[in-house]
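Engineer: Contents are mmCIF, C-alpha atoms; file name data08.cif:
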data_input
loop_
_atom_site.label_atom_id
_atom_site.label_comp_id
_atom_site.auth_asym_id
_atom_site.auth_seq_id
_atom_site.Cartn_x
_atom_site.Cartn_y
_atom_site.Cartn_z
CA ARG A 106 -22.69 -41.74 57.84
CA ASN A 107 -22.74 -37.94 58.10
CA ASP A 108 -20.66 -38.12 61.27
CA GLN A 109 -18.15 -40.31 59.45
CA LYS A 110 -17.86 -37.81 56.59
CA LYS A 111 -17.48 -34.95 59.05
CA TYR A 112 -14.62 -36.83 60.71
CA ARG A 113 -12.92 -37.63 57.38
CA LEU A 114 -13.09 -34.01 56.29
CA GLN A 115 -10.82 -33.13 59.23
CA LEU A 116 -8.12 -35.58 58.15
CA PRO A 117 -6.56 -33.46 55.35
CA GLN A 118 -5.91 -30.72 57.89
CA LEU A 119 -4.33 -33.28 60.22
CA TYR A 120 -2.01 -34.52 57.47
CA GLY A 121 -1.14 -30.93 56.62
CA SER A 122 -0.21 -30.26 60.25
CA ILE A 123 2.09 -33.29 60.25
CA LEU A 124 3.78 -32.16 57.03
CA ALA A 125 4.21 -28.63 58.37
CA ASN A 126 5.86 -29.87 61.56
CA PRO A 127 9.64 -29.45 61.18
CA ALA A 128 10.17 -32.18 63.77
CA VAL A 129 8.78 -34.76 61.33
CA SER A 130 11.85 -35.68 59.32
CA ASP A 131 10.94 -39.24 58.39
CA SER A 132 10.43 -39.33 54.62
CA GLN A 133 8.14 -42.36 54.87
CA ILE A 134 5.74 -40.45 57.12
CA ARG A 135 5.64 -37.56 54.67
CA GLU A 136 5.06 -39.90 51.74
CA SER A 137 2.27 -41.60 53.66
CA CYS A 138 0.60 -38.23 54.33
CA PHE A 139 0.70 -37.26 50.65
CA ALA A 140 -0.60 -40.70 49.68
CA SER A 141 -3.57 -40.16 52.00
CA LEU A 142 -4.16 -36.68 50.56
CA ASN A 143 -4.10 -38.25 47.11
CA ASN A 144 -6.90 -40.62 48.15
CA PHE A 145 -9.01 -37.64 49.15
CA ILE A 146 -8.19 -35.82 45.90
CA ILE A 147 -9.58 -38.65 43.78
CA ASP A 148 -12.74 -38.98 45.89
CA PRO A 149 -15.77 -38.09 43.70
CA ASP A 150 -17.39 -36.25 46.62
CA PRO A 151 -16.40 -32.58 45.85
CA ASP A 152 -16.09 -31.75 49.56
CA PHE A 153 -12.94 -33.85 49.92
CA PRO A 154 -10.89 -32.28 47.09
CA ILE A 155 -11.91 -28.86 48.42
CA ALA A 156 -10.70 -29.86 51.90
CA VAL A 157 -7.35 -30.94 50.42
CA LEU A 158 -7.00 -27.67 48.48
CA SER A 159 -7.67 -25.70 51.66
CA THR A 160 -4.92 -27.64 53.43
CA LEU A 161 -2.39 -27.31 50.60
CA ARG A 162 -2.92 -23.56 50.27
CA PHE A 163 -1.54 -22.91 53.75
CA LEU A 164 1.17 -25.59 53.61
CA GLU A 165 4.58 -24.05 52.93
CA GLY A 166 7.05 -25.79 50.65
CA TYR A 167 6.43 -29.18 49.03
CA GLU A 168 5.90 -27.53 45.64
CA GLU A 169 6.61 -30.70 43.66
CA GLU A 170 4.28 -32.83 45.78
CA LYS A 171 1.52 -30.23 45.59
CA THR A 172 1.82 -30.10 41.81
CA VAL A 173 1.48 -33.89 41.57
CA LEU A 174 -1.71 -33.75 43.63
CA LEU A 175 -3.15 -30.92 41.53
CA LYS A 176 -2.39 -32.74 38.28
CA THR A 177 -4.09 -35.81 39.71
CA LEU A 178 -7.14 -33.72 40.57
CA VAL A 179 -7.38 -32.24 37.07
CA ASP A 180 -7.20 -35.71 35.57
CA GLN A 181 -10.31 -36.85 37.46
CA GLU A 182 -13.65 -37.00 35.69
CA HIS A 183 -15.30 -35.20 38.59
CA PHE A 184 -12.92 -32.22 38.41
CA GLU A 185 -14.81 -28.93 38.09
CA GLN A 186 -13.29 -25.74 36.70
CA LYS A 187 -14.84 -23.71 39.50
CA LEU A 188 -11.89 -24.93 41.58
CA LEU A 189 -9.42 -23.04 39.38
CA PRO A 190 -9.38 -19.80 41.43
CA SER A 191 -8.34 -21.81 44.51
CA ILE A 192 -5.65 -23.59 42.50
CA SER A 193 -4.44 -20.29 41.07
CA TRP A 194 -4.11 -18.81 44.55
CA MET A 195 -2.05 -21.83 45.58
CA PHE A 196 0.53 -21.23 42.85
CA TYR A 197 0.72 -17.62 44.00
CA ALA A 198 2.96 -18.81 46.87
CA PHE A 199 5.21 -20.99 44.68
CA ASN A 200 8.81 -19.97 44.13
CA GLN A 201 9.52 -22.11 41.06
CA CYS A 202 7.43 -21.40 37.99
CA THR A 203 8.38 -24.78 36.49
CA TYR A 204 5.69 -26.46 38.57
CA TYR A 205 3.04 -23.99 37.45
CA PHE A 206 3.74 -24.69 33.78
CA ASP A 207 3.87 -28.42 34.53
CA PHE A 208 0.35 -28.21 35.94
CA LEU A 209 -0.79 -25.91 33.13
CA THR A 210 0.38 -28.49 30.58
CA ALA A 211 -1.80 -31.19 32.14
CA TYR A 212 -4.74 -28.80 32.41
CA ALA A 213 -4.47 -27.51 28.82
CA ARG A 214 -4.09 -30.99 27.33
CA LYS A 215 -7.34 -32.06 28.97
CA PHE A 216 -9.52 -29.01 28.37
CA GLU A 217 -7.93 -27.77 25.12
CA SER A 218 -10.27 -25.05 23.78
CA LYS A 219 -12.13 -24.67 27.11
CA ILE A 220 -9.25 -23.16 29.09
CA ASP A 221 -10.55 -20.88 31.84
CA ALA A 222 -8.67 -17.60 32.33
CA ALA A 223 -9.12 -18.02 36.08
CA ILE A 224 -5.98 -20.17 36.10
CA PHE A 225 -3.94 -17.06 35.17
CA GLU A 226 -5.40 -14.71 37.77
CA HIS A 227 -3.60 -13.99 41.05
CA THR A 228 -0.65 -16.05 39.84
CA ILE A 229 1.35 -15.15 36.76
CA THR A 230 2.43 -11.67 37.86
CA PHE A 231 3.96 -12.91 41.09
CA LEU A 232 5.52 -16.02 39.56
CA ARG A 233 7.06 -13.96 36.76
CA GLY A 234 8.37 -11.45 39.29
CA LYS A 235 10.23 -14.20 41.16
CA GLU A 236 11.83 -15.82 38.09
CA GLU A 237 11.28 -13.50 35.16
CA GLY A 238 13.79 -15.15 32.83
CA ALA A 239 12.74 -18.72 33.63
CA PHE A 240 9.06 -17.79 33.43
CA ASP A 241 9.43 -16.29 29.96
CA GLN A 242 11.40 -19.30 28.75
CA HIS A 243 8.51 -21.55 29.71
CA LEU A 244 6.04 -19.07 28.24
CA ILE A 245 7.86 -19.03 24.90
CA ALA A 246 7.93 -22.84 24.90
CA PHE A 247 4.12 -22.73 25.18
CA LEU A 248 3.75 -20.10 22.43
CA ILE A 249 5.73 -22.16 19.92
CA HIS A 250 4.50 -25.59 21.00
CA ASP A 251 3.11 -27.94 18.36
CA LEU A 252 -0.12 -28.51 20.33
CA GLY A 253 -2.68 -25.77 19.81
CA ALA A 254 -3.99 -26.21 23.37
CA LEU A 255 -0.63 -25.20 24.85
CA ARG A 256 -0.25 -22.28 22.44
CA ARG A 257 -3.74 -21.16 23.48
CA ALA A 258 -2.72 -21.28 27.14
CA GLY A 259 0.46 -19.33 26.39
CA SER A 260 -1.55 -16.75 24.44
CA GLY A 261 -3.85 -16.32 27.43
CA ILE A 262 -0.88 -15.57 29.66
CA VAL A 263 0.56 -13.05 27.21
CA ARG A 264 -2.80 -11.27 26.85
CA GLU A 265 -3.07 -11.05 30.63
CA LEU A 266 0.46 -9.65 30.96
CA ILE A 267 -0.11 -7.15 28.14
CA SER A 268 -3.54 -5.98 29.28
CA HIS A 269 -2.95 -5.66 33.00
CA HIS A 270 0.81 -5.46 33.44
CA HIS A 271 1.98 -3.67 30.27
CA MET A 272 4.45 -6.33 29.17
CA THR A 273 6.58 -5.03 26.28
CA ARG A 274 9.43 -7.55 26.09
CA PHE A 275 10.48 -11.07 26.93
CA ALA A 276 13.02 -11.31 29.74
CA THR A 277 15.11 -13.71 27.71
CA ASN A 278 17.09 -13.35 24.50
CA ILE A 279 14.72 -14.58 21.80
CA LEU A 280 17.53 -14.28 19.23
CA GLU A 281 19.05 -17.39 20.83
CA LEU A 282 16.10 -19.48 19.65
CA THR A 283 16.51 -21.63 16.56
CA PRO A 284 15.42 -19.88 13.35
CA LYS A 285 12.32 -22.05 13.03
CA SER A 286 11.36 -21.33 16.65
CA GLN A 287 11.81 -17.61 15.99
CA PHE A 288 9.43 -17.91 13.04
CA LYS A 289 6.91 -19.75 15.21
CA LEU A 290 7.21 -17.14 17.94
CA PHE A 291 6.35 -14.09 15.86
CA THR A 292 3.58 -16.06 14.12
CA SER A 293 2.06 -16.94 17.49
CA VAL A 294 2.44 -13.50 19.09
CA LEU A 295 1.10 -11.54 16.12
CA SER A 296 -1.93 -13.86 15.94
CA LEU A 297 -3.10 -12.76 19.39
CA MET A 298 -6.42 -10.98 19.72
CA ALA A 299 -4.62 -7.85 20.88
CA GLU A 300 -3.83 -4.53 19.30
CA ALA A 301 -0.73 -4.38 17.11
CA LYS A 302 0.84 -1.66 19.25
CA ASN A 303 0.93 -4.14 22.15
CA THR A 304 2.18 -7.25 20.34
CA ILE A 305 4.79 -5.75 18.00
CA PRO A 306 7.27 -4.70 20.74
CA LEU A 307 7.52 -8.31 21.93
CA ILE A 308 8.93 -9.60 18.66
CA LEU A 309 10.83 -6.56 17.32
CA PRO A 310 14.24 -8.04 18.29
CA LEU A 311 13.66 -10.77 15.70
CA LEU A 312 14.23 -8.19 12.96
CA GLN A 313 17.89 -8.58 13.96
CA SER A 314 17.80 -12.35 13.47
CA SER A 315 20.78 -13.89 11.74
CA ASN A 316 18.38 -15.86 9.57
CA GLU A 317 17.19 -14.07 6.44
CA ALA A 318 13.94 -16.07 6.22
CA VAL A 319 12.98 -14.97 9.74
CA ARG A 320 13.70 -11.30 9.01
CA GLU A 321 11.85 -11.30 5.70
CA GLY A 322 8.94 -13.34 7.09
CA LEU A 323 8.50 -10.92 9.99
CA ILE A 324 8.58 -7.87 7.73
CA CYS A 325 5.95 -9.44 5.47
CA ARG A 326 3.81 -10.21 8.51
CA LEU A 327 4.11 -6.59 9.67
CA GLU A 328 3.05 -5.44 6.20
CA ALA A 329 -0.04 -7.67 6.42
CA LEU A 330 -0.68 -6.36 9.91
CA SER A 331 -0.63 -2.78 8.62
CA GLU A 332 -3.57 -3.67 6.38
CA ASP A 333 -5.55 -4.51 9.51
CA TYR A 334 -4.34 -1.85 11.94
CA GLY A 335 -3.12 0.92 9.66
CA SER A 336 -0.82 3.53 11.18
CA GLN A 337 -0.85 1.74 14.55
CA VAL A 338 1.93 -0.48 13.15
CA THR A 339 4.18 2.36 12.04
CA GLU A 340 3.46 4.27 15.25
CA ALA A 341 4.59 1.26 17.29
CA LEU A 342 7.80 1.08 15.27
CA GLN A 343 8.33 4.81 15.65
CA GLU A 344 7.87 4.61 19.42
CA HIS A 345 10.39 1.81 19.86
CA TRP A 346 12.79 3.11 17.23
CA PRO A 347 13.02 6.83 18.08
CA GLU A 348 16.46 6.97 16.47
CA LYS A 349 16.59 4.46 13.64
CA THR A 350 19.58 2.71 12.18
CA LYS A 351 19.89 2.50 8.41
CA GLU A 352 18.37 -1.01 8.43
CA GLN A 353 15.51 0.02 10.72
CA GLN A 354 14.73 3.04 8.55
CA ALA A 355 14.55 0.80 5.49
CA VAL A 356 12.11 -1.55 7.25
CA PHE A 357 10.00 1.37 8.48
CA GLU A 358 9.77 2.95 5.03
CA ARG A 359 8.93 -0.38 3.39
CA ILE A 360 6.02 -1.04 5.76
CA GLN A 361 4.78 2.54 5.49
CA LYS A 362 4.85 2.39 1.69
CA HIS A 363 3.00 -0.94 1.68
CA MET A 364 0.32 0.49 3.95
CA GLU A 365 -0.12 3.65 1.86
CA VAL A 366 -0.40 1.69 -1.39
CA PHE A 367 -2.91 -0.73 0.11
CA PHE A 368 -5.24 1.94 1.49
CA THR A 369 -4.96 4.05 -1.65
CA ARG A 370 -6.17 1.09 -3.70
CA ALA A 371 -8.90 0.31 -1.18
CA LYS A 372 -10.10 3.92 -1.32
CA ARG A 373 -10.22 3.87 -5.11
CA LYS A 374 -12.31 0.71 -5.02
CA THR A 375 -14.85 2.14 -2.59
CA GLU A 376 -15.12 5.30 -4.70
CA LEU A 377 -16.59 3.18 -7.51
CA LYS A 378 -20.26 2.86 -6.57
CA GLU A 379 -20.58 -0.33 -8.65
CA LEU A 380 -18.03 -1.99 -6.32
CA ASN A 381 -19.24 -0.43 -3.08
CA PRO A 382 -21.63 -2.68 -1.10
CA LEU A 383 -23.13 0.42 0.51
CA TYR A 384 -24.71 1.25 -2.86
CA VAL A 385 -25.13 -2.05 -4.71
CA GLN A 386 -26.42 -3.93 -1.67
CA ALA A 387 -28.12 -1.08 0.17
CA SER A 388 -31.55 -2.72 0.22
CA TYR A 389 -30.15 -5.85 1.87
CA PHE A 390 -28.15 -3.80 4.32
CA ASN A 391 -31.12 -1.64 5.31
CA ALA A 392 -33.35 -4.69 5.76
CA TYR A 393 -30.75 -6.33 7.94
CA MET A 394 -30.25 -3.23 10.09
CA LYS A 395 -34.02 -2.83 10.54
CA SER A 396 -34.32 -6.45 11.68
CA TYR A 397 -31.23 -6.19 13.86
CA GLN A 398 -32.46 -2.99 15.54
CA LYS A 399 -35.79 -4.62 16.41
CA HIS A 400 -34.01 -7.66 17.83
CA LEU A 401 -31.59 -5.49 19.82
CA GLU A 402 -34.38 -3.36 21.30
CA ARG A 403 -36.38 -6.45 22.24
CA THR A 404 -33.35 -8.10 23.86
CA MET A 405 -32.49 -4.99 25.87
CA ASN A 406 -36.07 -4.53 27.04
CA GLU A 407 -36.27 -8.17 28.13
CA GLY A 408 -32.99 -7.81 29.98
CA VAL A 409 -34.17 -4.71 31.82
CA ASP A 410 -37.49 -6.30 32.71
CA GLU A 411 -35.79 -9.40 34.10
CA ASN A 412 -33.46 -7.33 36.27
CA SER A 413 -35.61 -5.58 38.82
CA PHE A 414 -32.65 -3.67 40.24
CA ILE A 415 -31.97 -1.92 36.95
CA ARG A 416 -35.66 -1.19 36.47
CA GLN A 417 -35.91 0.21 39.98
CA LEU A 418 -32.79 2.33 39.55
CA ALA A 419 -33.92 3.67 36.20
CA THR A 420 -37.29 4.78 37.56
CA THR A 421 -36.02 6.47 40.73
CA VAL A 422 -33.05 8.49 39.46
CA VAL A 423 -33.73 12.23 39.50
CA LEU A 424 -31.49 14.51 37.48
CA ALA A 425 -30.47 17.63 39.34
CA LYS A 426 -29.97 21.08 37.88
CA GLY A 427 -26.37 21.68 36.86
CA GLY A 428 -25.59 18.04 36.11
CA GLY A 429 -25.78 15.05 38.42
CA TRP A 430 -28.37 12.77 39.88
CA GLN A 431 -30.18 13.16 43.14
CA TYR A 432 -30.88 10.64 45.87
CA ALA A 433 -34.63 10.57 46.45
CA ASP A 434 -34.30 10.01 50.22
CA THR A 435 -31.56 12.46 51.17
CA GLY A 436 -31.67 14.98 48.35
CA GLU A 437 -27.89 14.70 47.97
CA VAL A 438 -26.62 15.38 44.45
CA MET A 439 -23.98 13.07 42.98
CA PRO A 440 -22.04 14.61 40.05
CA LEU A 441 -22.07 12.62 36.82
CA SER A 442 -18.81 11.20 35.53
CA THR A 443 -17.71 9.38 32.41
CA VAL A 444 -15.54 6.33 31.93
CA GLY A 445 -14.32 5.30 28.51
CA THR A 446 -12.06 2.83 26.78
CA SER A 447 -11.26 2.00 23.19
CA MET A 448 -9.78 -0.82 21.15
CA THR A 449 -8.81 -0.99 17.51
CA VAL A 450 -10.53 -3.92 15.81
CA PRO A 451 -8.76 -5.48 12.78
CA ARG A 452 -10.04 -4.35 9.39
CA SER A 453 -10.34 -7.96 8.21
CA TYR A 454 -12.92 -8.59 10.92
CA PHE A 455 -15.32 -6.12 9.33
CA VAL A 456 -14.58 -7.39 5.83
CA SER A 457 -15.47 -10.99 6.71
CA PRO A 458 -16.28 -11.71 10.37
CA ASP A 459 -16.94 -15.41 9.78
CA ASN A 460 -13.65 -15.99 7.98
CA PHE A 461 -11.81 -13.95 10.59
CA ASP A 462 -13.16 -16.08 13.45
CA TRP A 463 -12.51 -19.29 11.52
CA ASP A 464 -8.91 -18.36 10.68
CA ARG A 465 -8.22 -17.42 14.30
CA MET A 466 -9.71 -20.69 15.54
CA VAL A 467 -7.59 -22.72 13.10
CA GLU A 468 -4.45 -20.85 14.16
CA ARG A 469 -5.21 -21.57 17.83
CA LEU A 470 -6.00 -25.27 17.44
CA GLU A 471 -3.84 -26.35 14.50
CA ASN A 472 -1.09 -28.85 15.26
CA TRP A 473 2.24 -27.32 14.29
CA LYS A 474 4.06 -30.62 13.97
CA ASN A 475 4.42 -29.94 10.24
CA PHE A 476 4.87 -26.18 10.61
CA LEU A 477 6.70 -24.96 7.49
CA PRO A 478 7.62 -28.47 6.24
CA GLN A 479 9.79 -26.97 3.52
CA TRP A 480 12.04 -25.39 6.18
CA GLU A 481 14.18 -28.52 6.61
CA VAL A 482 14.69 -28.64 2.86
CA THR A 483 15.83 -25.06 2.33
CA HIS A 484 17.51 -24.22 5.67
#
Translate the structure of the given file into structure tokens.
Structural biologist:
Amino acid sequence: RNDQKKYRLQLPQLYGSILANPAVSDSQIRESCFASLNNFIIDPDPDFPIAVLSTLRFLEGYEEEKTVLLKTLVDQEHFEQKLLPSISWMFYAFNQCTYYFDFLTAYARKFESKIDAAIFEHTITFLRGKEEGAFDQHLIAFLIHDLGALRRAGSGIVRELISHHHMTRFATNILELTPKSQFKLFTSVLSLMAEAKNTIPLILPLLQSSNEAVREGLICRLEALSEDYGSQVTEALQEHWPEKTKEQQAVFERIQKHMEVFFTRAKRKTELKELNPLYVQASYFNAYMKSYQKHLERTMNEGVDENSFIRQLATTVVLAKGGGWQYADTGEVMPLSTVGTSMTVPRSYFVSPDNFDWDRMVERLENWKNFLPQWEVTH
């Protein structure tokens, strides 16, 4: 039986060689090869789907047929998400992003809230570089889709492009979207778990929308965002509007005034000790922090004890005079260095972490089929 399996595992490579042979022009032979690969894809033994993926990765062309096979694989009960890096690498060589989003649709519909970011790695940058306009059209379709699973997948792509590739605009004219789609787009983008300075540039063109409800809705959303991120909102506007038109200046001043009024009122409230939790609930706060500190210390100690490498490293490092640490064996001194990063966390998260997480989860998963139901009545 083992010999039989070993023989069968060689067949996907054989079919791939036939498909790669330019001399094979008979469409029936090609269809037969893909049908055989499909049989291996649906085999519950994980070795066979892996063998097919290895064959497809080095097979040029046949993007549509590959996508069909990958969608079939995802649909199987035995599909494991650990295969996603291999699938992601396969799409790296695709020329048409349509097939990637076709596969992503099938994947997101099945796994919904359990989407693995591995499906974005090694892929989206190169696909977007080949068809930037088409890629962003598909991406926007995901961001405004009624299904929360697809919006979640689109949000993952945007976060990846913002974080690692400094995306600041869509390579398509978002003003050509319908007014309701424009409203959905800025709602989706500004709901991302990303700093305001990174998300605002993506939707700024919508302030020039021909629809008054879109313009006013976006300004109101920016005002609400300034309550969470403070001057980061006005700084983002200032950076992208170095020389403002009369309309842009009016928007800027309105948001700045809203922010100043909000924080002035918040400051007045905290100045009243009777309304400041730091004073009226100090005993509860101190008890919590004492308990939390004990738990944190215990957790860290357990983690260090379980990881012998860290314990060994921590007990053998010798600090050298003048700054640096010294190798015990060679005596060589390695200068110390620092690495730092920072991220602005929304104010509302600190005010009510549970509500913040709940609201974000609802926004990600909510079905937008009835998004703004009054829109059809008034517009």
Engineer: Please, what distance in Å, to one decimal, runs between atom CA of A:Leu295 and atom CA of A:Glu265?
Structural biologist: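 Going from atom CA of A:Leu295 over to atom CA of A:Glu265, I get 15.1 Å.
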Engineer: Taking all atoms listed in the file into account, which of A:Tyr393, A:Phe240, A:Trp473, A:Tyr454 comes nearest A:Tyr204?
Structural biologist: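 Using all atoms listed in the file, A:Tyr204 sits closest to A:Phe240.
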Engineer: Would you write out, as a compact mmCIF listing (two decimals) with C-alpha atoms, keeping the file's coordinate frame, every residue that the PyMOL selection byres ((chain A and resi 333) around 7) captures in this file?
Structural biologist:
# COMPACT_ATOMS: atom_id res chain seq x y z
CA LEU A 330 -0.68 -6.36 9.91
CA SER A 331 -0.63 -2.78 8.62
CA GLU A 332 -3.57 -3.67 6.38
CA TYR A 334 -4.34 -1.85 11.94
CA GLY A 335 -3.12 0.92 9.66
CA PRO A 451 -8.76 -5.48 12.78
CA ARG A 452 -10.04 -4.35 9.39
CA SER A 453 -10.34 -7.96 8.21
Engineer: List as a list in words the residues having at least one atom at most 9 Å from position (-2.0, -7.4, 26.4) as given in the file, counting only C-alpha atoms.
Structural biologist: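 Here is the list of nearby residues: Ile262, Val263, Arg264, Glu265, Leu266, Ile267, Ser268, His269, His270, His271, Met272, Thr273, Leu297, Met298, Ala299, Glu300, Asn303 and Thr304 of chain A.
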Engineer: For stretch 209-220 of chain A, please output as a list in words all residues within 8 Å (counting all atoms listed in the file; exclusion window: fewer than 5 positions along the same chain).
Structural biologist: Lys176, Val179, Asp180, Gly253, Ala254, Leu255, Arg257, Ala258 and Leu470 of chain A
Engineer: Can you translate the PyMOL selection byres ((chain A and resi 280-286) around 9) into the concrete residues it hits in this file, as a compact mmCIF listing (two decimals) with C-alpha atoms, in the coordinates of the input?
Structural biologist:
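Below you can see selection15.txt, which holds the result:
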# COMPACT_ATOMS: atom_id res chain seq x y z
CA ILE A 249 5.73 -22.16 19.92
CA THR A 277 15.11 -13.71 27.71
CA ASN A 278 17.09 -13.35 24.50
CA ILE A 279 14.72 -14.58 21.80
CA GLN A 287 11.81 -17.61 15.99
CA PHE A 288 9.43 -17.91 13.04
CA LYS A 289 6.91 -19.75 15.21
CA LEU A 290 7.21 -17.14 17.94
CA PHE A 291 6.35 -14.09 15.86
CA PRO A 310 14.24 -8.04 18.29
CA LEU A 311 13.66 -10.77 15.70
CA GLN A 313 17.89 -8.58 13.96
CA SER A 314 17.80 -12.35 13.47
CA SER A 315 20.78 -13.89 11.74
CA ASN A 316 18.38 -15.86 9.57
CA ALA A 318 13.94 -16.07 6.22
CA VAL A 319 12.98 -14.97 9.74
CA PHE A 476 4.87 -26.18 10.61
CA LEU A 477 6.70 -24.96 7.49
CA TRP A 480 12.04 -25.39 6.18
Engineer: What gap, in Å, lies between atom CA of A:Ala276 and atom CA of A:Thr228?
Structural biologist: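 One can read the atom CA of A:Ala276 to atom CA of A:Thr228 distance as 17.6 Å.
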Engineer: In Å, with one decimal, what is the gap from atom CA of A:Trp194 to atom CA of A:Gly121?
Structural biologist: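 Those two atoms sit 17.4 Å apart.
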Engineer: Using the chain letters and numbers from this file, what does the PyMOL selection byres ((chain A and resi 242) around 10) select? Give the answer as a list in words.
Structural biologist: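 Against this file, the PyMOL selection byres ((chain A and resi 242) around 10) returns the residues Thr203, Glu236, Glu237, Gly238, Ala239, Phe240, Asp241, His243, Leu244, Ile245, Ala246, Phe247, Leu248, Phe275, Ala276, Thr277, Asn278 and Ile279 of chain A.
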Engineer: Write out as a ChimeraX atom specification the residues lying within 10 Å of A:Lys235, counting only C-alpha atoms and excluding same-chain residues fewer than 4 positions away.
Structural biologist: /A:199-202,229-231,239-240
Engineer: List the spatial neighbours of A:Pro117 as a compact mmCIF listing (two decimals) with C-alpha atoms, in the frame of the given file - criterion: any atom at most 8 Å away, only C-alpha atoms, same-chain residues fewer than 4 positions off excluded.
Structural biologist:
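Contents of the output file result-v4.txt:
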# COMPACT_ATOMS: atom_id res chain seq x y z
CA ARG A 113 -12.92 -37.63 57.38
CA GLY A 121 -1.14 -30.93 56.62
CA LEU A 142 -4.16 -36.68 50.56
CA PHE A 145 -9.01 -37.64 49.15
CA ALA A 156 -10.70 -29.86 51.90
CA VAL A 157 -7.35 -30.94 50.42
CA THR A 160 -4.92 -27.64 53.43
Engineer: Taking all atoms listed in the file into account, name the residue in A:Asn143, A:Phe153, A:Val356, A:Lys474 that is nearest to A:Lys111.
Structural biologist: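 Ranking A:Asn143, A:Phe153, A:Val356, A:Lys474 by distance to A:Lys111, first place goes to A:Phe153.
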Engineer: Hey, what's within 10 Å of A:Gln181 if we count only C-alpha atoms and toss same-chain stuff fewer than 5 positions away? As a PyMOL selection string, please?
Structural biologist: chain A and resi 146-149+176
Engineer: Please identify all polymer residues within 8 Å of stretch 339-342 of chain A, counting only C-alpha atoms, omitting same-chain residues fewer than 5 positions from it, and present them as a PyMOL selection string.
Structural biologist: chain A and resi 301-302+305-306+331+357+360-361
